[in-house]
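Trainee: One file: my_file-v1.cif (mmCIF, C-alpha atoms).
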data_model
#
loop_
_atom_site.group_PDB
_atom_site.id
_atom_site.type_symbol
_atom_site.label_atom_id
_atom_site.label_comp_id
_atom_site.auth_asym_id
_atom_site.auth_seq_id
_atom_site.Cartn_x
_atom_site.Cartn_y
_atom_site.Cartn_z
ATOM 1 C CA MET A 29 0.000 0.000 0.000
ATOM 2 C CA THR A 30 1.666 3.159 -1.133
ATOM 3 C CA VAL A 31 -0.942 5.710 -0.165
ATOM 4 C CA ILE A 32 -1.281 5.131 3.595
ATOM 5 C CA PRO A 33 1.657 3.874 5.680
ATOM 6 C CA GLU A 34 1.244 1.046 8.190
ATOM 7 C CA HIS A 35 1.320 3.214 11.302
ATOM 8 C CA VAL A 36 -1.461 5.399 9.924
ATOM 9 C CA ARG A 37 -3.540 2.318 9.212
ATOM 10 C CA ALA A 38 -3.140 1.232 12.819
ATOM 11 C CA GLN A 39 -4.084 4.710 14.039
ATOM 12 C CA LEU A 40 -7.095 4.696 11.752
ATOM 13 C CA LYS A 41 -8.326 1.374 13.062
ATOM 14 C CA ALA A 42 -8.008 2.527 16.669
ATOM 15 C CA ARG A 43 -9.682 5.841 15.891
ATOM 16 C CA PHE A 44 -12.595 4.281 13.997
ATOM 17 C CA GLU A 45 -13.117 1.814 16.821
ATOM 18 C CA LEU A 46 -13.693 4.736 19.157
ATOM 19 C CA ARG A 47 -15.526 7.144 16.903
ATOM 20 C CA LEU A 48 -17.715 5.222 14.471
ATOM 21 C CA THR A 49 -21.138 4.525 15.900
ATOM 22 C CA GLY A 50 -23.266 3.802 12.843
ATOM 23 C CA PRO A 51 -22.860 2.466 9.316
ATOM 24 C CA VAL A 52 -21.156 4.315 6.479
ATOM 25 C CA ASP A 53 -21.636 3.309 2.852
ATOM 26 C CA LEU A 54 -18.587 4.119 0.784
ATOM 27 C CA THR A 55 -18.931 4.043 -2.992
ATOM 28 C CA LEU A 56 -15.869 4.355 -5.188
ATOM 29 C CA TYR A 57 -16.449 5.246 -8.824
ATOM 30 C CA THR A 58 -13.411 4.194 -10.766
ATOM 31 C CA ARG A 59 -12.034 3.086 -14.092
ATOM 32 C CA PRO A 60 -9.209 0.723 -15.035
ATOM 33 C CA GLY A 61 -5.959 2.468 -14.140
ATOM 34 C CA SER A 62 -3.142 3.644 -16.327
ATOM 35 C CA SER A 63 -0.415 3.491 -13.674
ATOM 36 C CA ARG A 64 1.103 6.945 -13.486
ATOM 37 C CA LEU A 65 0.769 7.647 -17.174
ATOM 38 C CA ILE A 66 -1.174 10.781 -17.925
ATOM 39 C CA LEU A 67 -3.427 9.954 -20.836
ATOM 40 C CA PRO A 68 -5.732 12.198 -22.848
ATOM 41 C CA ALA A 69 -8.974 13.120 -21.113
ATOM 42 C CA GLY A 70 -11.381 10.221 -20.901
ATOM 43 C CA LEU A 71 -8.698 7.548 -21.150
ATOM 44 C CA GLY A 72 -7.262 5.669 -18.229
ATOM 45 C CA CYS A 73 -7.063 6.955 -14.685
ATOM 46 C CA ALA A 74 -3.741 7.742 -13.048
ATOM 47 C CA THR A 75 -5.022 7.652 -9.450
ATOM 48 C CA CYS A 76 -7.874 5.119 -9.553
ATOM 49 C CA GLU A 77 -5.773 2.232 -8.298
ATOM 50 C CA ASP A 78 -4.482 4.284 -5.359
ATOM 51 C CA ALA A 79 -8.034 5.420 -4.643
ATOM 52 C CA ARG A 80 -9.229 1.813 -4.647
ATOM 53 C CA GLN A 81 -6.501 0.824 -2.198
ATOM 54 C CA MET A 82 -7.367 3.787 0.021
ATOM 55 C CA ALA A 83 -11.070 2.895 -0.031
ATOM 56 C CA GLU A 84 -10.280 -0.724 0.859
ATOM 57 C CA LEU A 85 -8.113 0.413 3.756
ATOM 58 C CA LEU A 86 -10.902 2.621 5.055
ATOM 59 C CA ARG A 87 -13.308 -0.297 4.899
ATOM 60 C CA ASP A 88 -10.799 -2.675 6.469
ATOM 61 C CA ALA A 89 -10.225 -0.247 9.353
ATOM 62 C CA ALA A 90 -13.839 -0.863 10.464
ATOM 63 C CA PRO A 91 -15.380 -3.622 8.318
ATOM 64 C CA GLU A 92 -18.325 -3.981 10.678
ATOM 65 C CA LYS A 93 -19.322 -0.346 10.085
ATOM 66 C CA VAL A 94 -17.942 0.656 6.677
ATOM 67 C CA THR A 95 -19.187 -0.961 3.486
ATOM 68 C CA LEU A 96 -17.481 -0.477 0.133
ATOM 69 C CA ASP A 97 -19.090 -0.637 -3.290
ATOM 70 C CA VAL A 98 -16.712 -0.238 -6.219
ATOM 71 C CA VAL A 99 -18.322 0.935 -9.458
ATOM 72 C CA ASP A 100 -16.259 0.510 -12.622
ATOM 73 C CA THR A 101 -17.689 3.274 -14.777
ATOM 74 C CA SER A 102 -16.169 1.755 -17.911
ATOM 75 C CA ARG A 103 -18.552 -1.166 -17.391
ATOM 76 C CA ASP A 104 -21.444 0.624 -15.699
ATOM 77 C CA GLN A 105 -21.700 4.137 -17.052
ATOM 78 C CA GLY A 106 -25.427 4.013 -16.345
ATOM 79 C CA ARG A 107 -24.778 3.892 -12.604
ATOM 80 C CA ALA A 108 -22.367 6.826 -12.847
ATOM 81 C CA ASP A 109 -24.938 8.798 -14.818
ATOM 82 C CA ALA A 110 -27.721 7.938 -12.388
ATOM 83 C CA ASP A 111 -25.576 9.045 -9.459
ATOM 84 C CA GLN A 112 -24.393 12.135 -11.356
ATOM 85 C CA VAL A 113 -20.724 11.238 -11.139
ATOM 86 C CA ASN A 114 -18.785 12.902 -13.923
ATOM 87 C CA ASP A 115 -15.162 12.102 -13.121
ATOM 88 C CA VAL A 116 -13.088 9.358 -11.550
ATOM 89 C CA PRO A 117 -11.907 8.520 -9.059
ATOM 90 C CA THR A 118 -14.810 9.752 -6.957
ATOM 91 C CA MET A 119 -15.474 8.506 -3.455
ATOM 92 C CA ALA A 120 -19.009 9.064 -2.137
ATOM 93 C CA LEU A 121 -20.131 8.725 1.476
ATOM 94 C CA GLY A 122 -23.689 7.955 2.434
ATOM 95 C CA VAL A 123 -25.945 5.744 4.488
ATOM 96 C CA ASP A 124 -28.867 3.437 3.775
ATOM 97 C CA GLY A 125 -27.867 2.877 0.167
ATOM 98 C CA GLU A 126 -28.539 6.464 -0.905
ATOM 99 C CA SER A 127 -26.291 8.050 -3.496
ATOM 100 C CA GLY A 128 -23.694 9.696 -1.278
ATOM 101 C CA ARG A 129 -23.988 13.475 -1.029
ATOM 102 C CA ILE A 130 -20.498 13.916 0.388
ATOM 103 C CA ARG A 131 -17.977 13.283 -2.343
ATOM 104 C CA PHE A 132 -14.258 13.427 -2.879
ATOM 105 C CA GLN A 133 -13.220 13.730 -6.503
ATOM 106 C CA GLY A 134 -9.599 12.787 -7.058
ATOM 107 C CA LEU A 135 -7.273 11.094 -4.611
ATOM 108 C CA PRO A 136 -7.781 12.701 -1.171
ATOM 109 C CA THR A 137 -4.235 12.856 0.151
ATOM 110 C CA GLY A 138 -2.402 15.476 2.212
ATOM 111 C CA THR A 139 -4.740 17.954 3.867
ATOM 112 C CA GLU A 140 -7.724 16.306 2.171
ATOM 113 C CA PHE A 141 -7.208 12.993 3.949
ATOM 114 C CA PRO A 142 -8.132 14.341 7.418
ATOM 115 C CA ALA A 143 -11.237 15.890 5.835
ATOM 116 C CA LEU A 144 -12.192 12.477 4.451
ATOM 117 C CA ILE A 145 -11.719 10.839 7.848
ATOM 118 C CA ASP A 146 -13.734 13.611 9.509
ATOM 119 C CA ALA A 147 -16.506 13.127 6.952
ATOM 120 C CA ILE A 148 -16.643 9.354 7.524
ATOM 121 C CA GLU A 149 -16.886 9.890 11.266
ATOM 122 C CA ARG A 150 -19.558 12.549 10.930
ATOM 123 C CA VAL A 151 -21.658 10.396 8.594
ATOM 124 C CA SER A 152 -21.324 7.475 10.972
ATOM 125 C CA ARG A 153 -22.392 9.608 13.925
ATOM 126 C CA ALA A 154 -24.927 11.709 11.965
ATOM 127 C CA GLU A 155 -23.111 14.636 13.530
ATOM 128 C CA HIS A 156 -23.049 17.840 11.515
ATOM 129 C CA SER A 157 -22.464 20.126 14.545
ATOM 130 C CA LEU A 158 -24.043 23.119 12.808
ATOM 131 C CA ASN A 159 -25.769 25.671 14.980
ATOM 132 C CA ALA A 160 -29.535 26.231 15.047
ATOM 133 C CA VAL A 161 -29.334 29.465 13.036
ATOM 134 C CA SER A 162 -27.485 27.699 10.223
ATOM 135 C CA LEU A 163 -30.008 24.864 10.207
ATOM 136 C CA ALA A 164 -32.877 27.336 9.978
ATOM 137 C CA GLU A 165 -31.173 29.057 7.055
ATOM 138 C CA LEU A 166 -30.424 25.778 5.269
ATOM 139 C CA ALA A 167 -34.079 24.776 5.593
ATOM 140 C CA LYS A 168 -34.792 27.483 3.016
ATOM 141 C CA LEU A 169 -33.117 25.339 0.348
ATOM 142 C CA LYS A 170 -35.861 23.668 -1.660
ATOM 143 C CA GLU A 171 -33.845 22.611 -4.697
ATOM 144 C CA PRO A 172 -30.766 20.412 -5.056
ATOM 145 C CA THR A 173 -27.677 22.530 -4.441
ATOM 146 C CA GLU A 174 -24.119 21.604 -5.296
ATOM 147 C CA VAL A 175 -21.206 22.966 -3.281
ATOM 148 C CA MET A 176 -17.869 22.243 -4.943
ATOM 149 C CA VAL A 177 -14.729 22.914 -2.928
ATOM 150 C CA PHE A 178 -11.461 22.884 -4.837
ATOM 151 C CA ALA A 179 -8.532 21.935 -2.641
ATOM 152 C CA THR A 180 -4.969 20.726 -2.990
ATOM 153 C CA PRO A 181 -3.008 18.173 -0.976
ATOM 154 C CA THR A 182 -0.628 20.797 0.441
ATOM 155 C CA MET B 10 -14.166 21.477 2.883
ATOM 156 C CA SER B 11 -15.264 20.158 6.246
ATOM 157 C CA LEU B 12 -17.949 22.826 6.493
ATOM 158 C CA ALA B 13 -19.333 21.927 3.065
ATOM 159 C CA ASN B 14 -19.489 18.286 4.128
ATOM 160 C CA ARG B 15 -21.262 19.200 7.365
ATOM 161 C CA ILE B 16 -23.811 21.229 5.421
ATOM 162 C CA ALA B 17 -24.436 18.276 3.108
ATOM 163 C CA LEU B 18 -24.948 16.107 6.142
ATOM 164 C CA ALA B 19 -27.442 18.575 7.595
ATOM 165 C CA SER B 20 -29.424 19.371 4.442
ATOM 166 C CA PRO B 21 -30.794 16.687 2.109
ATOM 167 C CA GLN B 22 -30.748 19.288 -0.672
ATOM 168 C CA VAL B 23 -26.987 19.773 -0.590
ATOM 169 C CA ARG B 24 -24.278 17.765 -2.265
ATOM 170 C CA ALA B 25 -20.689 18.585 -1.299
ATOM 171 C CA VAL B 26 -17.930 17.703 -3.734
ATOM 172 C CA CYS B 27 -14.312 18.146 -2.718
ATOM 173 C CA VAL B 28 -12.275 18.344 -5.909
ATOM 174 C CA GLU B 29 -8.527 17.746 -5.952
ATOM 175 C CA ALA B 30 -7.653 20.796 -8.023
ATOM 176 C CA ASN B 31 -4.323 19.553 -9.400
ATOM 177 C CA GLU B 32 -5.835 16.315 -10.615
ATOM 178 C CA PHE B 33 -8.578 18.027 -12.612
ATOM 179 C CA PRO B 34 -6.853 21.002 -14.217
ATOM 180 C CA ARG B 35 -9.524 21.549 -16.848
ATOM 181 C CA LEU B 36 -12.241 21.718 -14.221
ATOM 182 C CA SER B 37 -10.073 24.031 -12.125
ATOM 183 C CA ALA B 38 -9.501 26.275 -15.128
ATOM 184 C CA GLU B 39 -13.206 26.246 -15.977
ATOM 185 C CA PHE B 40 -14.002 27.688 -12.544
ATOM 186 C CA GLY B 41 -11.028 30.030 -12.406
ATOM 187 C CA VAL B 42 -9.332 28.349 -9.487
ATOM 188 C CA ARG B 43 -6.183 30.276 -8.546
ATOM 189 C CA GLY B 44 -6.159 29.682 -4.808
ATOM 190 C CA VAL B 45 -7.652 27.173 -2.418
ATOM 191 C CA PRO B 46 -10.029 26.495 -0.890
ATOM 192 C CA HIS B 47 -12.097 27.782 -3.808
ATOM 193 C CA THR B 48 -15.796 27.114 -3.335
ATOM 194 C CA VAL B 49 -18.341 27.135 -6.159
ATOM 195 C CA VAL B 50 -22.094 26.974 -5.549
ATOM 196 C CA ASN B 51 -24.291 25.510 -8.261
ATOM 197 C CA ARG B 52 -21.456 26.043 -10.737
ATOM 198 C CA GLY B 53 -21.994 29.786 -10.497
ATOM 199 C CA GLY B 54 -21.102 32.027 -7.568
ATOM 200 C CA ALA B 55 -17.723 31.414 -6.000
ATOM 201 C CA PHE B 56 -15.638 32.502 -3.060
ATOM 202 C CA VAL B 57 -12.039 31.926 -2.092
ATOM 203 C CA GLY B 58 -10.757 31.172 1.379
ATOM 204 C CA ALA B 59 -12.205 29.747 4.556
ATOM 205 C CA LEU B 60 -15.324 31.440 5.927
ATOM 206 C CA PRO B 61 -16.940 31.155 9.331
ATOM 207 C CA GLU B 62 -20.064 29.012 9.518
ATOM 208 C CA ARG B 63 -22.570 31.845 9.298
ATOM 209 C CA ASP B 64 -20.933 33.389 6.249
ATOM 210 C CA PHE B 65 -20.416 30.046 4.536
ATOM 211 C CA VAL B 66 -24.104 29.157 4.934
ATOM 212 C CA ALA B 67 -25.078 32.597 3.664
ATOM 213 C CA ALA B 68 -22.826 32.148 0.644
ATOM 214 C CA VAL B 69 -24.410 28.783 -0.137
ATOM 215 C CA LEU B 70 -27.897 30.288 0.072
ATOM 216 C CA GLU B 71 -26.918 33.228 -2.067
ATOM 217 C CA GLY B 72 -25.313 30.914 -4.614
ATOM 218 C CA ALA B 73 -28.553 28.959 -4.689
ATOM 219 C CA GLY B 74 -30.469 32.158 -5.427
ATOM 220 C CA ILE B 75 -32.023 32.601 -2.010
ATOM 221 C CA PRO B 76 -31.884 36.132 -0.632
ATOM 222 C CA VAL B 77 -29.823 36.531 2.510
ATOM 223 C CA ASP B 78 -31.615 38.999 4.681
ATOM 224 C CA GLU B 79 -29.391 39.933 7.583
ATOM 225 C CA GLY B 80 -25.869 40.915 8.463
ATOM 226 C CA PRO B 81 -23.017 41.756 6.170
ATOM 227 C CA GLY B 82 -23.168 38.279 4.619
ATOM 228 C CA PRO B 83 -20.164 36.661 3.060
ATOM 229 C CA GLY B 84 -18.561 39.912 2.079
ATOM 230 C CA GLY B 85 -14.911 40.701 2.390
ATOM 231 C CA PRO B 86 -11.922 41.019 0.192
ATOM 232 C CA SER B 87 -11.685 37.330 -0.728
ATOM 233 C CA THR B 88 -15.327 36.922 -1.746
ATOM 234 C CA GLU B 89 -16.468 37.133 -5.327
ATOM 235 C CA LEU B 90 -20.038 35.870 -5.225
ATOM 236 C CA GLY B 91 -21.927 36.102 -8.434
ATOM 237 C CA GLY B 92 -18.755 35.778 -10.433
#
What would you get if you wrote out this structure as structure tokens?
Mentor:
Amino acid sequence: MTVIPEHVRAQLKARFELRLTGPVDLTLYTRPGSSRLILPAGLGCATCEDARQMAELLRDAAPEKVTLDVVDTSRDQGRADADQVNDVPTMALGVDGESGRIRFQGLPTGTEFPALIDAIERVSRAEHSLNAVSLAELAKLKEPTEVMVFATPT
Amino acid sequence: MSLANRIALASPQVRAVCVEANEFPRLSAEFGVRGVPHTVVNRGGAFVGALPERDFVAAVLEGAGIPVDEGPGPGGPSTELGG
């Protein structure tokens, strides 16, 4: 495993054991990899294999709580379309089989990795920690709303 | 990005997508990403930088076309809503 070192895996397992209280459904939308080769848009996927290994490690850190569904979009584009996934790798977090509304597009390393762990824990605990004023404001949303946050690993 | 995820957890209307900007350069260019975090609501209004909860929620509402009726909102030098 090149993405997450052994000591981090051990930390993750211990942390999940303490913090995960409910199920988390992890869906990884992927495509056959192209190693590290950068191919023209639409061909191959330079980080899909790493993303798959990361997703498996997350599941293996708490297999009784975290489920993993891997969708190969080259074989099941219909599923990607239905779930409105445009690019791979995309990792989606949800519960009860719903199409996950918390998504990480690209390999979440560096500063994005803690955000992924935080998101898994929050989904598991159904814990958004927003204040009452924010919740009242968000209740005004009556249509699907997409919030994209561009970030970098460093 | 944590705040966007928390909002998605709280509101069934919201989907939060954290995009690794370096890995999707065309998408980053399409939305004019020059610094991070760069947040785009409904592929329209955008703001750069971390905002406190109240301002972030206001920016999401404004990006979704819902009037924000109190306070200074998400203003400030790093905000470019409606862009």
Trainee: Give me the box for stretch 100-106 of chain A as AutoDock Vina command-line options, namely the centre and edge lengths in Å to one decimal of a box along x, y and z that holds every listed atom plus 3 Å on each side.
Mentor:
--center_x -20.8 --center_y 1.5 --center_z -15.3 --size_x 15.3 --size_y 11.3 --size_z 11.3
Trainee: Residues of chain A no more than 8 Å from chain B, counting only C-alpha atoms: send them over as a PDB file with C-alpha atoms, keeping the file's coordinate frame.
Mentor:
ATOM      1  CA  ARG A 129     -23.988  13.475  -1.029  1.00  0.00           C
ATOM      2  CA  ILE A 130     -20.498  13.916   0.388  1.00  0.00           C
ATOM      3  CA  ARG A 131     -17.977  13.283  -2.343  1.00  0.00           C
ATOM      4  CA  PHE A 132     -14.258  13.427  -2.879  1.00  0.00           C
ATOM      5  CA  GLN A 133     -13.220  13.730  -6.503  1.00  0.00           C
ATOM      6  CA  GLY A 134      -9.599  12.787  -7.058  1.00  0.00           C
ATOM      7  CA  LEU A 135      -7.273  11.094  -4.611  1.00  0.00           C
ATOM      8  CA  PRO A 136      -7.781  12.701  -1.171  1.00  0.00           C
ATOM      9  CA  ALA A 143     -11.237  15.890   5.835  1.00  0.00           C
ATOM     10  CA  ASP A 146     -13.734  13.611   9.509  1.00  0.00           C
ATOM     11  CA  ALA A 147     -16.506  13.127   6.952  1.00  0.00           C
ATOM     12  CA  ARG A 150     -19.558  12.549  10.930  1.00  0.00           C
ATOM     13  CA  VAL A 151     -21.658  10.396   8.594  1.00  0.00           C
ATOM     14  CA  ALA A 154     -24.927  11.709  11.965  1.00  0.00           C
ATOM     15  CA  GLU A 155     -23.111  14.636  13.530  1.00  0.00           C
ATOM     16  CA  HIS A 156     -23.049  17.840  11.515  1.00  0.00           C
ATOM     17  CA  SER A 157     -22.464  20.126  14.545  1.00  0.00           C
ATOM     18  CA  LEU A 158     -24.043  23.119  12.808  1.00  0.00           C
ATOM     19  CA  SER A 162     -27.485  27.699  10.223  1.00  0.00           C
ATOM     20  CA  LEU A 163     -30.008  24.864  10.207  1.00  0.00           C
ATOM     21  CA  GLU A 165     -31.173  29.057   7.055  1.00  0.00           C
ATOM     22  CA  LEU A 166     -30.424  25.778   5.269  1.00  0.00           C
ATOM     23  CA  ALA A 167     -34.079  24.776   5.593  1.00  0.00           C
ATOM     24  CA  LYS A 168     -34.792  27.483   3.016  1.00  0.00           C
ATOM     25  CA  LEU A 169     -33.117  25.339   0.348  1.00  0.00           C
ATOM     26  CA  LYS A 170     -35.861  23.668  -1.660  1.00  0.00           C
ATOM     27  CA  GLU A 171     -33.845  22.611  -4.697  1.00  0.00           C
ATOM     28  CA  PRO A 172     -30.766  20.412  -5.056  1.00  0.00           C
ATOM     29  CA  THR A 173     -27.677  22.530  -4.441  1.00  0.00           C
ATOM     30  CA  GLU A 174     -24.119  21.604  -5.296  1.00  0.00           C
ATOM     31  CA  VAL A 175     -21.206  22.966  -3.281  1.00  0.00           C
ATOM     32  CA  MET A 176     -17.869  22.243  -4.943  1.00  0.00           C
ATOM     33  CA  VAL A 177     -14.729  22.914  -2.928  1.00  0.00           C
ATOM     34  CA  PHE A 178     -11.461  22.884  -4.837  1.00  0.00           C
ATOM     35  CA  ALA A 179      -8.532  21.935  -2.641  1.00  0.00           C
ATOM     36  CA  THR A 180      -4.969  20.726  -2.990  1.00  0.00           C
ATOM     37  CA  PRO A 181      -3.008  18.173  -0.976  1.00  0.00           C
TER      38      PRO A 181
END
Trainee: Between atom CA of A:Val113 and atom CA of A:Gly128, what is the distance, to one decimal in Å?
Mentor: 10.4 Å
Trainee: For a test of reading the model, state the distance in Å between atom CA of A:Val52 and atom CA of A:Val123, rounded to one decimal.
Mentor: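 Atom CA of A:Val123 lies at a distance of 5.4 Å from atom CA of A:Val52.
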Trainee: Applied to the shown file, which residues does the PyMOL selection byres ((chain A and resi 124) around 12) return, written as a ChimeraX atom specification?
Mentor: /A:50-54,94-95,121-123,125-128,151-152
Trainee: Go ahead and save the picked residues with C-alpha atoms, as an mmCIF file, keeping the file's coordinate frame.
Mentor:
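What landed in again27.cif:
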data_model
loop_
_atom_site.group_PDB
_atom_site.id
_atom_site.type_symbol
_atom_site.label_atom_id
_atom_site.label_comp_id
_atom_site.auth_asym_id
_atom_site.auth_seq_id
_atom_site.Cartn_x
_atom_site.Cartn_y
_atom_site.Cartn_z
ATOM 1 C CA GLY A 50 -23.266 3.802 12.843
ATOM 2 C CA PRO A 51 -22.860 2.466 9.316
ATOM 3 C CA VAL A 52 -21.156 4.315 6.479
ATOM 4 C CA ASP A 53 -21.636 3.309 2.852
ATOM 5 C CA LEU A 54 -18.587 4.119 0.784
ATOM 6 C CA VAL A 94 -17.942 0.656 6.677
ATOM 7 C CA THR A 95 -19.187 -0.961 3.486
ATOM 8 C CA LEU A 121 -20.131 8.725 1.476
ATOM 9 C CA GLY A 122 -23.689 7.955 2.434
ATOM 10 C CA VAL A 123 -25.945 5.744 4.488
ATOM 11 C CA GLY A 125 -27.867 2.877 0.167
ATOM 12 C CA GLU A 126 -28.539 6.464 -0.905
ATOM 13 C CA SER A 127 -26.291 8.050 -3.496
ATOM 14 C CA GLY A 128 -23.694 9.696 -1.278
ATOM 15 C CA VAL A 151 -21.658 10.396 8.594
ATOM 16 C CA SER A 152 -21.324 7.475 10.972
#
Trainee: Between A:Ile145, A:Tyr57, A:Ala74, A:Ala90, single out the one closest to A:Gln112, counting all atoms listed in the file.
Mentor: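 Among the listed residues, the smallest separation from A:Gln112 belongs to A:Tyr57.
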Trainee: Identify the residues within 10 Å of coordinate (-6.6, -3.3, 7.8) (same frame as the file), considering all atoms listed in the file, and give the answer as a list of chain:residue names.
Mentor: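 Here is the list of nearby residues: A:Glu34, A:Arg37, A:Ala38, A:Leu40, A:Lys41, A:Glu84, A:Leu85, A:Leu86, A:Arg87, A:Asp88, A:Ala89, A:Ala90, A:Pro91.
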Trainee: Can you work out which one of A:Val116, A:Leu96, A:Ile32, A:Ala108 has the shortest atom-to-atom distance to A:Pro60, counting all atoms listed in the file?
Mentor: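 For A:Pro60, the nearest of the given residues is A:Val116.
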Trainee: Work out how far atom CA of A:Glu92 is from atom CA of A:Leu48, in Å to one decimal.
Mentor: 10.0 Å
Trainee: Report as an NGL selection string the residues that result from applying the PyMOL selection byres ((chain A and resi 59) around 8) to the structure here.
Mentor: :A and (57-58 or 60-61 or 72-73 or 76 or 100-102 or 116-117)
Trainee: Starting from the incomplete input, reconstruct N, CA and C atoms of stretch 20-37 of chain B and write that as an mmCIF file, in the coordinates of the input.
Mentor:
data_model
loop_
_atom_site.group_PDB
_atom_site.id
_atom_site.type_symbol
_atom_site.label_atom_id
_atom_site.label_comp_id
_atom_site.auth_asym_id
_atom_site.auth_seq_id
_atom_site.Cartn_x
_atom_site.Cartn_y
_atom_site.Cartn_z
ATOM 1 N N SER B 20 -28.348 19.062 5.381
ATOM 2 C CA SER B 20 -29.424 19.371 4.442
ATOM 3 C C SER B 20 -29.505 18.326 3.331
ATOM 4 N N PRO B 21 -30.657 17.686 3.184
ATOM 5 C CA PRO B 21 -30.794 16.687 2.109
ATOM 6 C C PRO B 21 -30.756 17.295 0.715
ATOM 7 N N GLN B 22 -30.809 18.628 0.638
ATOM 8 C CA GLN B 22 -30.748 19.288 -0.672
ATOM 9 C C GLN B 22 -29.305 19.509 -1.155
ATOM 10 N N VAL B 23 -28.353 19.367 -0.251
ATOM 11 C CA VAL B 23 -26.987 19.773 -0.590
ATOM 12 C C VAL B 23 -26.091 18.575 -0.895
ATOM 13 N N ARG B 24 -25.341 18.719 -1.963
ATOM 14 C CA ARG B 24 -24.278 17.765 -2.265
ATOM 15 C C ARG B 24 -22.953 18.510 -2.192
ATOM 16 N N ALA B 25 -22.023 17.981 -1.419
ATOM 17 C CA ALA B 25 -20.689 18.585 -1.299
ATOM 18 C C ALA B 25 -19.700 17.746 -2.090
ATOM 19 N N VAL B 26 -18.940 18.407 -2.936
ATOM 20 C CA VAL B 26 -17.930 17.703 -3.734
ATOM 21 C C VAL B 26 -16.589 18.373 -3.505
ATOM 22 N N CYS B 27 -15.673 17.644 -2.904
ATOM 23 C CA CYS B 27 -14.312 18.146 -2.718
ATOM 24 C C CYS B 27 -13.483 17.698 -3.915
ATOM 25 N N VAL B 28 -13.001 18.655 -4.676
ATOM 26 C CA VAL B 28 -12.275 18.344 -5.909
ATOM 27 C C VAL B 28 -10.781 18.584 -5.704
ATOM 28 N N GLU B 29 -9.980 17.578 -6.016
ATOM 29 C CA GLU B 29 -8.527 17.746 -5.952
ATOM 30 C C GLU B 29 -8.135 18.583 -7.185
ATOM 31 N N ALA B 30 -7.799 19.826 -6.928
ATOM 32 C CA ALA B 30 -7.653 20.796 -8.023
ATOM 33 C C ALA B 30 -6.540 20.424 -9.007
ATOM 34 N N ASN B 31 -5.447 19.887 -8.506
ATOM 35 C CA ASN B 31 -4.323 19.553 -9.400
ATOM 36 C C ASN B 31 -4.653 18.386 -10.319
ATOM 37 N N GLU B 32 -5.528 17.524 -9.852
ATOM 38 C CA GLU B 32 -5.835 16.315 -10.615
ATOM 39 C C GLU B 32 -6.847 16.589 -11.732
ATOM 40 N N PHE B 33 -7.570 17.684 -11.604
ATOM 41 C CA PHE B 33 -8.578 18.027 -12.612
ATOM 42 C C PHE B 33 -8.333 19.455 -13.099
ATOM 43 N N PRO B 34 -7.243 19.642 -13.823
ATOM 44 C CA PRO B 34 -6.853 21.002 -14.217
ATOM 45 C C PRO B 34 -7.874 21.687 -15.124
ATOM 46 N N ARG B 35 -8.533 20.904 -15.960
ATOM 47 C CA ARG B 35 -9.524 21.549 -16.848
ATOM 48 C C ARG B 35 -10.706 22.080 -16.055
ATOM 49 N N LEU B 36 -11.133 21.279 -15.075
ATOM 50 C CA LEU B 36 -12.241 21.718 -14.221
ATOM 51 C C LEU B 36 -11.816 22.936 -13.402
ATOM 52 N N SER B 37 -10.586 22.895 -12.898
ATOM 53 C CA SER B 37 -10.073 24.031 -12.125
ATOM 54 C C SER B 37 -10.023 25.285 -12.988
#
